[in-house]
$ cat entry19.txt   # compact mmCIF, C-alpha atoms
# COMPACT_ATOMS: atom_id res chain seq x y z
CA MET A 1 50.25 -79.87 8.60
CA LYS A 2 51.64 -82.53 10.85
CA PRO A 3 52.91 -81.41 14.27
CA PRO A 4 56.61 -81.99 14.82
CA PRO A 5 57.37 -85.18 16.75
CA LYS A 6 57.73 -84.71 20.49
CA ARG A 7 61.25 -85.06 21.73
CA SER A 8 62.24 -84.22 25.25
CA ARG A 9 65.96 -84.23 24.74
CA PRO A 10 68.34 -85.27 21.99
CA SER A 11 69.30 -88.91 22.26
CA PRO A 12 73.05 -89.39 22.59
CA ILE A 13 72.74 -92.48 20.44
CA SER A 14 71.57 -90.44 17.45
CA ASP A 15 74.23 -87.79 17.89
CA LYS A 16 76.68 -88.72 15.14
CA GLU A 17 79.26 -86.09 16.03
CA GLN A 18 79.33 -87.29 19.61
CA TRP A 19 79.83 -90.88 18.53
CA ASP A 20 82.56 -89.85 16.09
CA SER A 21 84.37 -88.00 18.85
CA TRP A 22 84.14 -91.06 21.12
CA ALA A 23 85.41 -93.25 18.28
CA LYS A 24 88.42 -90.94 17.93
CA LEU A 25 89.02 -91.16 21.69
CA LEU A 26 88.91 -94.94 21.47
CA GLU A 27 91.43 -94.90 18.63
CA ARG A 28 93.73 -92.79 20.83
CA THR A 29 93.08 -95.24 23.64
CA GLN A 30 94.21 -98.10 21.41
CA ALA A 31 97.43 -96.16 20.89
CA GLY A 32 97.90 -96.05 24.67
CA ASP A 33 96.71 -92.50 25.48
CA GLY A 34 95.56 -92.73 29.11
CA GLU A 35 94.06 -89.24 29.24
CA ALA A 36 91.88 -89.96 26.18
CA TYR A 37 90.81 -93.19 27.87
CA ARG A 38 89.79 -91.42 31.08
CA ARG A 39 87.83 -88.86 29.08
CA LEU A 40 86.16 -91.55 26.98
CA LEU A 41 85.11 -93.58 30.02
CA ASP A 42 83.85 -90.48 31.84
CA GLU A 43 81.80 -89.47 28.79
CA ILE A 44 80.32 -92.86 27.90
CA GLY A 45 79.96 -93.81 31.57
CA PRO A 46 76.46 -92.33 32.05
CA LEU A 47 75.27 -93.99 28.82
CA LEU A 48 76.61 -97.39 29.87
CA PHE A 49 75.35 -97.00 33.43
CA HIS A 50 71.87 -96.21 32.12
CA PHE A 51 72.12 -99.20 29.76
CA VAL A 52 73.00 -101.45 32.70
CA ARG A 53 70.35 -100.02 35.03
CA LYS A 54 67.63 -100.66 32.45
CA ARG A 55 68.61 -104.31 32.15
CA VAL A 56 69.42 -105.32 35.71
CA PHE A 57 66.37 -105.59 37.93
CA ASN A 58 68.21 -106.02 41.21
CA GLN A 59 69.47 -102.48 41.76
CA ASP A 60 72.01 -103.69 44.35
CA LEU A 61 73.85 -105.48 41.58
CA VAL A 62 73.96 -102.50 39.21
CA PRO A 63 77.33 -101.03 40.36
CA ASP A 64 79.02 -104.45 40.19
CA VAL A 65 77.59 -105.20 36.76
CA TYR A 66 78.57 -101.73 35.58
CA GLN A 67 82.13 -102.36 36.76
CA GLU A 68 82.14 -105.65 34.85
CA VAL A 69 81.02 -103.78 31.72
CA LEU A 70 83.91 -101.31 32.07
CA MET A 71 86.37 -104.16 32.54
CA THR A 72 85.07 -106.06 29.52
CA PHE A 73 85.28 -102.84 27.52
CA HIS A 74 88.92 -102.59 28.56
CA LYS A 75 89.70 -106.16 27.54
CA ALA A 76 87.89 -105.88 24.20
CA ARG A 77 89.18 -102.41 23.23
CA HIS A 78 91.56 -103.91 20.67
CA SER A 79 88.68 -105.45 18.72
CA TYR A 80 87.21 -102.09 17.70
CA GLU A 81 88.09 -101.45 14.08
CA PRO A 82 88.91 -97.75 13.57
CA GLY A 83 86.56 -96.06 11.16
CA ARG A 84 83.61 -98.32 11.97
CA PRO A 85 80.54 -97.12 13.92
CA LEU A 86 81.27 -97.32 17.63
CA GLY A 87 77.69 -97.74 18.90
CA PRO A 88 76.98 -101.31 17.78
CA TRP A 89 80.40 -102.43 19.02
CA LEU A 90 79.97 -100.76 22.40
CA PHE A 91 76.47 -102.07 23.07
CA THR A 92 77.32 -105.60 21.96
CA VAL A 93 80.25 -105.65 24.39
CA ALA A 94 78.05 -104.15 27.12
CA ARG A 95 75.17 -106.56 26.55
CA ASN A 96 77.47 -109.56 26.58
CA SER A 97 79.25 -108.50 29.75
CA ILE A 98 75.91 -107.85 31.49
CA LEU A 99 74.88 -111.42 30.71
CA THR A 100 78.23 -112.73 31.93
CA ALA A 101 78.10 -110.65 35.11
CA LEU A 102 74.54 -111.68 35.88
CA GLY A 103 75.48 -115.31 35.38
CA LYS A 104 78.33 -114.93 37.87
CA ASN A 105 76.14 -113.10 40.36
CA ARG A 106 73.45 -115.73 40.07
CA ARG A 107 76.02 -118.25 41.23
CA TYR A 108 77.11 -115.93 44.03
CA VAL A 109 73.54 -115.33 45.16
CA GLU A 110 72.86 -119.06 45.32
CA ARG A 111 75.86 -119.55 47.59
CA GLU A 112 75.45 -116.30 49.45
CA ILE A 113 75.26 -116.43 53.24
CA PRO A 114 73.39 -113.64 55.03
CA SER A 115 75.86 -111.57 57.08
CA GLU A 116 73.88 -112.27 60.24
CA LYS A 117 74.52 -116.01 59.82
CA LEU A 118 78.29 -115.58 59.51
CA PRO A 119 80.22 -116.73 62.57
CA GLU A 120 81.04 -114.09 65.16
CA ILE A 121 84.53 -112.68 65.59
CA ILE A 122 86.56 -115.35 67.31
CA PRO A 123 87.90 -114.13 70.67
CA LEU A 124 91.56 -114.97 70.22
CA GLU A 125 92.51 -113.68 73.62
CA ALA A 126 90.19 -116.15 75.39
CA GLU A 127 92.49 -119.11 75.23
CA GLY A 128 96.19 -119.08 74.44
CA SER A 129 96.36 -122.58 72.93
CA MET A 130 93.33 -121.89 70.76
CA GLU A 131 94.97 -118.78 69.40
CA GLU A 132 98.04 -120.71 68.31
CA GLU A 133 95.92 -123.40 66.69
CA LEU A 134 93.85 -120.83 64.92
CA ARG A 135 96.85 -118.90 63.68
CA GLY A 136 98.39 -122.15 62.42
CA ALA A 137 95.20 -123.13 60.62
CA LEU A 138 94.85 -119.63 59.18
CA GLU A 139 98.37 -119.69 57.79
CA GLY A 140 97.57 -122.97 56.07
CA LEU A 141 94.72 -121.41 54.06
CA PRO A 142 95.21 -120.40 50.41
CA PRO A 143 96.14 -116.68 50.34
CA ILE A 144 92.86 -115.38 48.86
CA TYR A 145 90.74 -117.13 51.51
CA ARG A 146 93.12 -116.17 54.32
CA GLN A 147 92.99 -112.53 53.21
CA ALA A 148 89.17 -112.56 53.24
CA VAL A 149 88.96 -114.15 56.70
CA GLU A 150 91.60 -111.86 58.17
CA MET A 151 89.96 -108.73 56.85
CA LEU A 152 86.46 -109.62 57.99
CA LYS A 153 87.13 -111.42 61.25
CA LEU A 154 90.49 -110.22 62.51
CA ARG A 155 90.57 -106.65 61.27
CA GLY A 156 86.79 -106.36 61.60
CA LEU A 157 86.27 -104.58 58.26
CA SER A 158 82.79 -104.47 56.76
CA LEU A 159 82.10 -106.46 53.61
CA GLU A 160 82.03 -103.27 51.55
CA GLU A 161 85.28 -101.96 52.99
CA ALA A 162 87.10 -105.24 52.52
CA ALA A 163 85.79 -105.73 48.98
CA LYS A 164 86.85 -102.20 48.09
CA GLU A 165 90.33 -102.75 49.48
CA ILE A 166 90.88 -105.99 47.60
CA GLY A 167 89.19 -104.69 44.46
CA ILE A 168 86.53 -107.37 44.06
CA THR A 169 82.75 -107.43 44.41
CA VAL A 170 80.99 -107.98 47.72
CA GLY A 171 79.49 -111.21 46.33
CA ALA A 172 82.93 -112.55 45.40
CA LEU A 173 84.26 -111.62 48.84
CA LYS A 174 81.41 -113.48 50.54
CA VAL A 175 82.20 -116.58 48.51
CA ARG A 176 85.90 -116.36 49.45
CA ALA A 177 85.09 -115.81 53.11
CA HIS A 178 82.61 -118.69 53.13
CA ARG A 179 85.17 -121.06 51.62
CA GLY A 180 87.78 -119.76 54.04
CA TYR A 181 85.52 -120.47 57.04
CA GLY A 182 84.83 -123.97 55.73
CA LEU A 183 88.52 -124.76 55.28
CA LEU A 184 89.35 -123.26 58.65
CA ARG A 185 86.66 -125.38 60.33
CA LYS A 186 88.03 -128.52 58.66
CA LYS A 187 91.57 -127.73 59.72
CA MET A 188 90.55 -126.98 63.32
CA LEU A 189 88.46 -130.16 63.59
CA GLY A 190 91.32 -132.16 62.06
CA ARG A 191 93.75 -130.80 64.68
CA LYS A 192 91.37 -131.61 67.52
CA LYS A 193 90.99 -135.20 66.32
CA LYS A 194 94.77 -135.57 66.26
CA MET B 1 100.44 -89.45 37.24
CA LYS B 2 98.68 -87.29 34.69
CA LYS B 3 96.23 -84.74 35.95
CA ARG B 4 92.66 -85.71 35.28
CA THR B 5 91.08 -83.17 32.92
CA SER B 6 87.60 -84.73 32.63
CA ARG B 7 85.10 -85.15 35.42
CA PRO B 8 82.73 -88.09 35.65
CA SER B 9 79.02 -87.36 35.80
CA SER B 10 77.58 -87.07 39.31
CA SER B 11 74.96 -89.70 38.41
CA LEU B 12 77.63 -92.38 38.26
CA PRO B 13 78.33 -94.67 41.21
CA PRO B 14 81.60 -94.21 43.16
CA ILE B 15 82.92 -97.39 41.63
CA HIS B 16 83.21 -95.59 38.27
CA ALA B 17 86.04 -93.27 39.32
CA ARG B 18 87.97 -96.07 41.01
CA THR B 19 87.62 -98.42 38.04
CA VAL B 20 88.57 -95.73 35.52
CA GLU B 21 91.68 -94.85 37.50
CA ARG B 22 92.61 -98.51 37.77
CA LEU B 23 92.10 -99.22 34.06
CA ALA B 24 93.72 -96.03 32.81
CA ALA B 25 96.74 -96.45 35.08
CA GLY B 26 97.73 -99.71 33.42
CA LEU B 27 96.83 -98.71 29.87
CA GLY B 28 99.17 -99.78 27.11
CA PRO B 29 98.95 -99.62 23.32
CA VAL B 30 97.06 -102.42 21.59
CA GLU B 31 96.93 -103.37 17.95
CA PRO B 32 93.46 -102.68 16.54
CA ALA B 33 91.62 -105.53 14.87
CA TRP B 34 92.28 -105.97 11.17
CA PRO B 35 89.34 -105.31 8.85
CA LEU B 36 87.25 -108.40 8.23
CA TRP B 37 88.09 -108.55 4.53
CA VAL B 38 91.82 -108.60 5.40
CA GLN B 39 91.28 -111.45 7.85
CA TRP B 40 89.14 -113.33 5.36
CA SER B 41 91.75 -112.84 2.62
CA LEU B 42 94.40 -114.28 4.92
CA TRP B 43 92.17 -117.27 5.57
CA ALA B 44 91.52 -117.68 1.81
CA LEU B 45 95.25 -117.52 1.05
CA MET B 46 96.02 -120.08 3.72
CA SER B 47 93.22 -122.34 2.46
CA LEU B 48 94.44 -122.05 -1.11
CA VAL B 49 97.94 -123.10 -0.07
CA LEU B 50 96.54 -126.01 1.92
CA PHE B 51 94.28 -127.08 -0.91
CA VAL B 52 97.15 -127.06 -3.40
CA LEU B 53 99.15 -129.12 -0.90
CA PHE B 54 96.34 -131.70 -0.60
CA PHE B 55 96.07 -131.74 -4.36
CA HIS B 56 99.73 -132.77 -4.57
CA LEU B 57 99.56 -135.24 -1.71
CA LEU B 58 96.34 -137.02 -2.69
CA PRO B 59 95.81 -138.30 -6.25
CA MET B 60 92.71 -136.83 -7.91
CA ARG B 61 89.87 -139.25 -8.57
CA GLY B 62 89.59 -140.62 -12.06
CA ASP B 63 86.19 -139.24 -13.02
CA LEU B 64 87.36 -135.68 -12.33
CA HIS B 65 90.18 -136.14 -14.85
CA GLY B 66 87.46 -136.73 -17.42
CA GLY B 67 85.76 -133.45 -16.48
CA ASP B 68 82.80 -134.77 -14.47
CA SER B 69 80.72 -131.66 -14.02
CA VAL B 70 78.65 -133.10 -11.13
CA ALA B 71 81.66 -133.92 -8.97
CA GLY B 72 83.45 -130.72 -9.94
CA GLY B 73 80.37 -128.66 -9.15
CA LEU B 74 80.01 -130.44 -5.84
CA VAL B 75 83.56 -129.53 -4.84
CA LEU B 76 82.97 -125.94 -5.91
CA PHE B 77 79.81 -125.75 -3.79
CA ILE B 78 81.60 -127.21 -0.79
CA LEU B 79 84.46 -124.74 -1.07
CA THR B 80 82.03 -121.82 -1.45
CA GLY B 81 80.29 -123.01 1.69
CA ALA B 82 83.67 -123.13 3.47
CA GLY B 83 84.40 -119.55 2.42
CA LEU B 84 81.02 -118.29 3.60
CA ALA B 85 81.31 -120.16 6.88
CA ALA B 86 84.75 -118.61 7.42
CA TRP B 87 83.21 -115.17 6.86
CA ALA B 88 80.43 -115.97 9.32
CA ALA B 89 83.03 -117.13 11.87
CA LEU B 90 85.02 -113.93 11.48
CA GLU B 91 81.90 -111.79 11.75
CA SER B 92 80.79 -113.55 14.90
CA SER B 93 84.18 -112.88 16.49
CA VAL B 94 83.92 -109.09 16.25
CA PRO B 95 81.36 -107.55 18.65
CA ALA B 96 79.99 -104.95 16.23
CA GLU B 97 79.78 -107.42 13.39
CA SER B 98 78.16 -110.28 15.24
CA LEU B 99 74.75 -108.66 14.77
CA ARG B 100 75.14 -108.25 11.04
CA GLY B 101 75.38 -110.49 8.02
CA ARG B 102 73.15 -113.37 8.97
CA TRP B 103 72.78 -114.09 5.27
CA GLN B 104 76.31 -115.48 5.02
CA ALA B 105 75.55 -117.95 7.76
CA ARG B 106 72.29 -119.03 6.19
CA THR B 107 73.86 -119.27 2.74
CA ALA B 108 76.69 -121.43 4.08
CA LEU B 109 74.21 -123.83 5.66
CA PHE B 110 72.04 -123.83 2.54
CA LEU B 111 74.99 -124.55 0.27
CA TRP B 112 76.20 -127.32 2.51
CA ALA B 113 72.74 -128.91 2.61
CA LEU B 114 72.38 -128.47 -1.14
CA ALA B 115 75.73 -130.14 -1.74
CA ALA B 116 74.72 -133.00 0.53
CA VAL B 117 71.41 -133.50 -1.29
CA TRP B 118 73.12 -133.23 -4.66
CA ALA B 119 75.74 -135.79 -3.69
CA LEU B 120 73.11 -138.19 -2.39
CA THR B 121 70.80 -137.93 -5.38
CA ALA B 122 73.65 -138.07 -7.91
CA SER B 123 75.19 -141.11 -6.31
CA PRO B 124 73.98 -144.64 -6.99
CA TRP B 125 71.81 -146.14 -4.25
CA HIS B 126 74.01 -149.00 -3.10
CA TRP B 127 73.17 -150.86 0.07
CA THR B 128 76.32 -152.86 -0.42
CA ALA B 129 76.73 -154.47 2.98
CA TYR B 130 78.28 -151.22 4.06
CA TRP B 131 76.32 -151.04 7.27
CA PRO B 132 77.21 -151.93 10.01
CA ALA B 133 80.81 -152.51 8.96
CA LEU B 134 81.32 -148.79 8.74
CA SER B 135 84.92 -147.99 8.10
CA MET B 136 85.93 -145.24 10.47
CA SER B 137 89.51 -145.20 9.36
CA SER B 138 89.57 -143.68 5.92
CA CYS B 139 87.58 -140.67 4.79
CA PHE B 140 86.20 -139.99 8.29
CA VAL B 141 89.73 -139.38 9.53
CA ALA B 142 90.91 -137.76 6.30
CA VAL B 143 88.27 -135.03 6.60
CA PHE B 144 89.58 -134.25 10.07
CA LEU B 145 93.25 -134.26 9.10
CA SER B 146 92.60 -132.18 5.98
CA GLY B 147 90.67 -129.59 7.97
CA LEU B 148 92.79 -129.43 11.10
CA VAL B 149 95.43 -126.94 9.93
CA SER B 150 92.79 -124.68 8.43
CA TRP B 151 90.82 -124.86 11.70
CA ALA B 152 93.86 -123.88 13.77
CA GLY B 153 94.66 -120.99 11.43
CA LEU B 154 91.11 -119.68 11.46
CA VAL B 155 90.73 -120.00 15.23
CA PHE B 156 94.04 -118.14 15.63
CA LEU B 157 92.56 -115.27 13.61
CA LEU B 158 89.29 -115.37 15.57
CA ALA B 159 91.04 -115.39 18.93
CA ARG B 160 92.84 -112.16 18.01
CA ASN B 161 89.41 -110.50 17.88
CA ALA B 162 86.96 -110.61 20.77
CA PRO B 163 84.34 -113.33 20.17
CA THR B 164 81.56 -112.58 22.64
CA ARG B 165 80.00 -115.96 21.85
CA ALA B 166 82.94 -118.29 21.62
CA PHE B 167 80.99 -121.47 20.90
CA ARG B 168 79.13 -119.94 17.98
CA ALA B 169 82.33 -118.56 16.46
CA GLY B 170 83.98 -121.94 17.00
CA LEU B 171 81.11 -123.74 15.32
CA TRP B 172 81.44 -121.61 12.20
CA ALA B 173 85.21 -122.03 12.22
CA GLY B 174 84.81 -125.80 12.41
CA LEU B 175 82.23 -125.83 9.64
CA SER B 176 84.50 -123.80 7.40
CA ALA B 177 87.63 -125.83 8.12
CA PHE B 178 86.05 -129.25 7.79
CA LEU B 179 84.14 -128.25 4.67
CA LEU B 180 87.54 -127.46 3.25
CA GLY B 181 88.65 -130.91 4.39
CA LEU B 182 85.56 -132.40 2.80
CA GLY B 183 86.41 -130.62 -0.46
CA ALA B 184 89.91 -132.09 -0.42
CA VAL B 185 88.60 -135.58 0.33
CA THR B 186 85.89 -135.30 -2.35
CA LEU B 187 88.58 -134.55 -4.93
CA HIS B 188 90.31 -137.75 -3.96
CA CYS B 189 87.63 -140.28 -3.00
CA PRO B 190 85.72 -141.86 -5.92
CA ASN B 191 83.34 -143.82 -3.68
CA GLY B 192 79.79 -142.77 -4.55
CA ASP B 193 78.08 -145.09 -2.12
CA LEU B 194 75.26 -143.41 -0.22
CA PHE B 195 76.29 -144.55 3.22
CA HIS B 196 79.90 -143.79 2.59
CA LEU B 197 79.01 -140.24 1.61
CA CYS B 198 76.66 -139.83 4.56
CA MET B 199 78.78 -141.39 7.26
CA GLU B 200 82.31 -140.62 6.16
CA HIS B 201 82.02 -137.40 4.20
CA PHE B 202 79.15 -135.27 5.50
CA LEU B 203 78.68 -136.57 9.03
CA PRO B 204 82.31 -135.88 10.03
CA VAL B 205 81.88 -132.24 9.07
CA LEU B 206 79.09 -131.88 11.61
CA VAL B 207 80.75 -134.02 14.27
CA TYR B 208 84.13 -132.29 14.06
CA SER B 209 82.55 -128.83 13.92
CA GLY B 210 80.71 -129.48 17.20
CA VAL B 211 83.61 -131.21 18.93
CA MET B 212 86.18 -128.63 17.89
CA ALA B 213 83.85 -125.75 18.80
CA TRP B 214 83.72 -127.20 22.29
CA ALA B 215 87.46 -127.89 22.34
CA GLY B 216 88.35 -124.43 21.05
CA ALA B 217 85.94 -122.44 23.21
CA GLY B 218 88.64 -121.81 25.82
CA TRP B 219 91.04 -120.52 23.19
CA LEU B 220 88.36 -118.23 21.76
CA SER B 221 87.40 -116.93 25.21
CA GLY B 222 91.03 -116.10 26.01
CA TRP B 223 90.46 -112.37 25.54
CA LYS B 224 88.07 -112.39 28.52
CA LYS B 225 90.79 -113.81 30.74
CA ARG B 226 93.32 -111.10 29.97
CA SER B 227 94.76 -109.63 33.11
CA LEU B 228 93.60 -106.24 34.29
CA PRO B 229 95.74 -103.63 36.00
CA PRO B 230 95.93 -104.51 39.70
CA ALA B 231 93.57 -102.82 42.13
CA ARG B 232 95.25 -100.39 44.46
CA THR B 233 95.30 -101.53 48.03
CA LYS B 234 95.63 -99.39 51.08
CA ALA B 235 99.04 -99.35 52.66
$ encode --input "entry19.txt" --output "structure tokens"
Amino acid sequence: MKPPPKRSRPSPISDKEQWDSWAKLLERTQAGDGEAYRRLLDEIGPLLFHFVRKRVFNQDLVPDVYQEVLMTFHKARHSYEPGRPLGPWLFTVARNSILTALGKNRRYVEREIPSEKLPEIIPLEAEGSMEEELRGALEGLPPIYRQAVEMLKLRGLSLEEAAKEIGITVGALKVRAHRGYGLLRKKMLGRKKK
Amino acid sequence: MKKRTSRPSSSLPPIHARTVERLAAGLGPVEPAWPLWVQWSLWALMSLVLFVLFFHLLPMRGDLHGGDSVAGGLVLFILTGAGLAAWAALESSVPAESLRGRWQARTALFLWALAAVWALTASPWHWTAYWPALSMSSCFVAVFLSGLVSWAGLVFLLARNAPTRAFRAGLWAGLSAFLLGLGAVTLHCPNGDLFHLCMEHFLPVLVYSGVMAWAGAGWLSGWKKRSLPPARTKA
């Protein structure tokens, strides 16, 4: 007699009832039921997070990639056809958004500047005329870059705090700040030449 | 705000709760995707209308009036290929379906290749000073014009879904639409010259499929650019 196959715990993927219940929640989500949506995301969250963690080697990126997966899920929720199996749909969306997110992060990493190399907080109080020039140059920046520079250098927030407040990833914030510093430098040099 | 009845697992990162709140706060009803067979039927209906329109606009070639089975069979093969390519395009635009049904894609390619080989072997081998004075103004353009409306209609249907690989979906859409255009042109054009068939009938299908897949990729990726509920900022 063959021994029963070893199985440490039931796989959620093979649990048909569970998937059916999630599919029903997604159908309610499509109808605009926010509570069903919260419940669905809370229940499939661990599964998706595990899926992401297995595929992203850099563990620092996992939360950002996971957030990207949730956002893609949100944007693609209309494309689920009620009555069809949810699993293949969910994992295709997740796999695709992981690839997209990793592609974006690869670009961020290439342009990333270590925090220790970022310019120090500019002492505005040191020189009155400099402060005016700086404020003028800062106001001339596009809003997203100005916001990043102000948060990091004027308000002195950490990268994590500022990213959380704006609602973007740390990598994206670094890119914005870097561009902001570049534009600010150009504007300041331009004023000095004049 | 509704009271939260579920609790996220403790193994999830803090970003989970924030993102869920953000997404759920701006949730609105959406129309679920239509079943694939409904979408395909819509495409088939549209294509039928277009094909009848072409049939009225362009006079049918003489040999088809006499019941030429080779030419008639060729058109039938081309249209079958267009239908299968449309199915493949629709499948590749729905996340769950994009992993299934590779046979439709392979069959479409096979049928198209078969039709090409059939057309070439059935046609007389004329090297009639056609090259290099290749006329780029007749059938080459007609295939494009005949397929353009069908392409726009099919891409409209695809963009309502969520094509995870926009270029692939666009490639199938182009193949389907311009095969339909090729079918319409084949009904009209009696020229059986090898180079004419190669350069002005079959080549345009490939060229336009690639170009329009590139041109339509932005349209097909539109679902990824949909706006999300705004993040909450501290006062």
$ atom_distance --input "entry19.txt" --atom1 "CA of Pro85 in chain A" --atom2 "CA of Leu158 in chain B"
20.3 Å
$ atom_distance --input "entry19.txt" --atom1 "CA of Trp89 in chain A" --atom2 "CA of Ala76 in chain A"
9.7 Å
$ interface_residues --input "entry19.txt" --of "chain A" --to "chain B" --cutoff "8 Å" --atoms "all atoms listed in the file" --output "ChimeraX atom specification"
/A:29-35,37-39,41-43,45-46,49,63,67,70-72,74-82,86,88-90,92-93,96,165-167
$ residues_around --input "entry19.txt" --residues "Cys139 in chain B" --least-positions-apart "6" --cutoff "7 Å" --atoms "all atoms listed in the file" --output "PyMOL selection string"
chain B and resi 185+200-201
$ atom_distance --input "entry19.txt" --atom1 "CA of Val149 in chain A" --atom2 "CA of Leu173 in chain A"
9.5 Å
$ residues_near_point --input "entry19.txt" --point "(89.8, -124.2, 54.2)" --cutoff "10 Å" --atoms "only C-alpha atoms" --output "PyMOL selection string"
chain A and resi 137-138+140-142+145-146+176-188
$ closest_residue --input "entry19.txt" --among "B:Leu154, B:Leu79, B:Ala89, B:Leu175" --to "Phe51 in chain B" --atoms "only C-alpha atoms"
B:Leu79
$ decode --input "entry19.txt" --residues "range 177-191 of chain A" --atoms "N, CA, C and O atoms" --output "mmCIF file, in the first residue's frame"
data_model
loop_
_atom_site.group_PDB
_atom_site.id
_atom_site.type_symbol
_atom_site.label_atom_id
_atom_site.label_comp_id
_atom_site.auth_asym_id
_atom_site.auth_seq_id
_atom_site.Cartn_x
_atom_site.Cartn_y
_atom_site.Cartn_z
ATOM 1 N N ALA A 177 13.831 64.172 -6.714
ATOM 2 C CA ALA A 177 14.716 65.069 -5.971
ATOM 3 C C ALA A 177 15.973 65.359 -6.790
ATOM 4 O O ALA A 177 16.413 66.512 -6.888
ATOM 5 N N HIS A 178 16.516 64.315 -7.414
ATOM 6 C CA HIS A 178 17.731 64.467 -8.207
ATOM 7 C C HIS A 178 17.517 65.451 -9.347
ATOM 8 O O HIS A 178 18.328 66.349 -9.595
ATOM 9 N N ARG A 179 16.368 65.291 -10.020
ATOM 10 C CA ARG A 179 16.066 66.220 -11.132
ATOM 11 C C ARG A 179 15.868 67.635 -10.591
ATOM 12 O O ARG A 179 16.264 68.616 -11.218
ATOM 13 N N GLY A 180 15.210 67.707 -9.448
ATOM 14 C CA GLY A 180 14.974 69.014 -8.819
ATOM 15 C C GLY A 180 16.281 69.711 -8.503
ATOM 16 O O GLY A 180 16.451 70.897 -8.788
ATOM 17 N N TYR A 181 17.248 68.960 -7.929
ATOM 18 C CA TYR A 181 18.550 69.556 -7.587
ATOM 19 C C TYR A 181 19.247 70.049 -8.849
ATOM 20 O O TYR A 181 19.831 71.127 -8.882
ATOM 21 N N GLY A 182 19.157 69.240 -9.908
ATOM 22 C CA GLY A 182 19.809 69.604 -11.173
ATOM 23 C C GLY A 182 19.246 70.908 -11.724
ATOM 24 O O GLY A 182 19.987 71.818 -12.117
ATOM 25 N N LEU A 183 17.896 70.987 -11.736
ATOM 26 C CA LEU A 183 17.249 72.189 -12.263
ATOM 27 C C LEU A 183 17.580 73.406 -11.392
ATOM 28 O O LEU A 183 17.838 74.501 -11.904
ATOM 29 N N LEU A 184 17.586 73.162 -10.086
ATOM 30 C CA LEU A 184 17.871 74.252 -9.151
ATOM 31 C C LEU A 184 19.289 74.782 -9.377
ATOM 32 O O LEU A 184 19.520 75.997 -9.403
ATOM 33 N N ARG A 185 20.225 73.838 -9.582
ATOM 34 C CA ARG A 185 21.622 74.224 -9.806
ATOM 35 C C ARG A 185 21.731 75.071 -11.073
ATOM 36 O O ARG A 185 22.361 76.117 -11.094
ATOM 37 N N LYS A 186 21.029 74.614 -12.135
ATOM 38 C CA LYS A 186 21.063 75.352 -13.403
ATOM 39 C C LYS A 186 20.514 76.758 -13.225
ATOM 40 O O LYS A 186 21.079 77.738 -13.716
ATOM 41 N N LYS A 187 19.392 76.835 -12.524
ATOM 42 C CA LYS A 187 18.762 78.153 -12.331
ATOM 43 C C LYS A 187 19.668 79.084 -11.527
ATOM 44 O O LYS A 187 19.816 80.252 -11.854
ATOM 45 N N MET A 188 20.300 78.526 -10.468
ATOM 46 C CA MET A 188 21.155 79.360 -9.616
ATOM 47 C C MET A 188 22.375 79.842 -10.393
ATOM 48 O O MET A 188 22.770 81.000 -10.295
ATOM 49 N N LEU A 189 22.970 78.908 -11.179
ATOM 50 C CA LEU A 189 24.158 79.291 -11.967
ATOM 51 C C LEU A 189 23.778 80.341 -12.998
ATOM 52 O O LEU A 189 24.494 81.292 -13.242
ATOM 53 N N GLY A 190 22.604 80.153 -13.632
ATOM 54 C CA GLY A 190 22.111 81.099 -14.624
ATOM 55 C C GLY A 190 21.944 82.483 -14.033
ATOM 56 O O GLY A 190 22.301 83.490 -14.640
ATOM 57 N N ARG A 191 21.426 82.567 -12.806
ATOM 58 C CA ARG A 191 21.225 83.867 -12.142
ATOM 59 C C ARG A 191 22.565 84.531 -11.838
ATOM 60 O O ARG A 191 22.708 85.747 -11.959
#
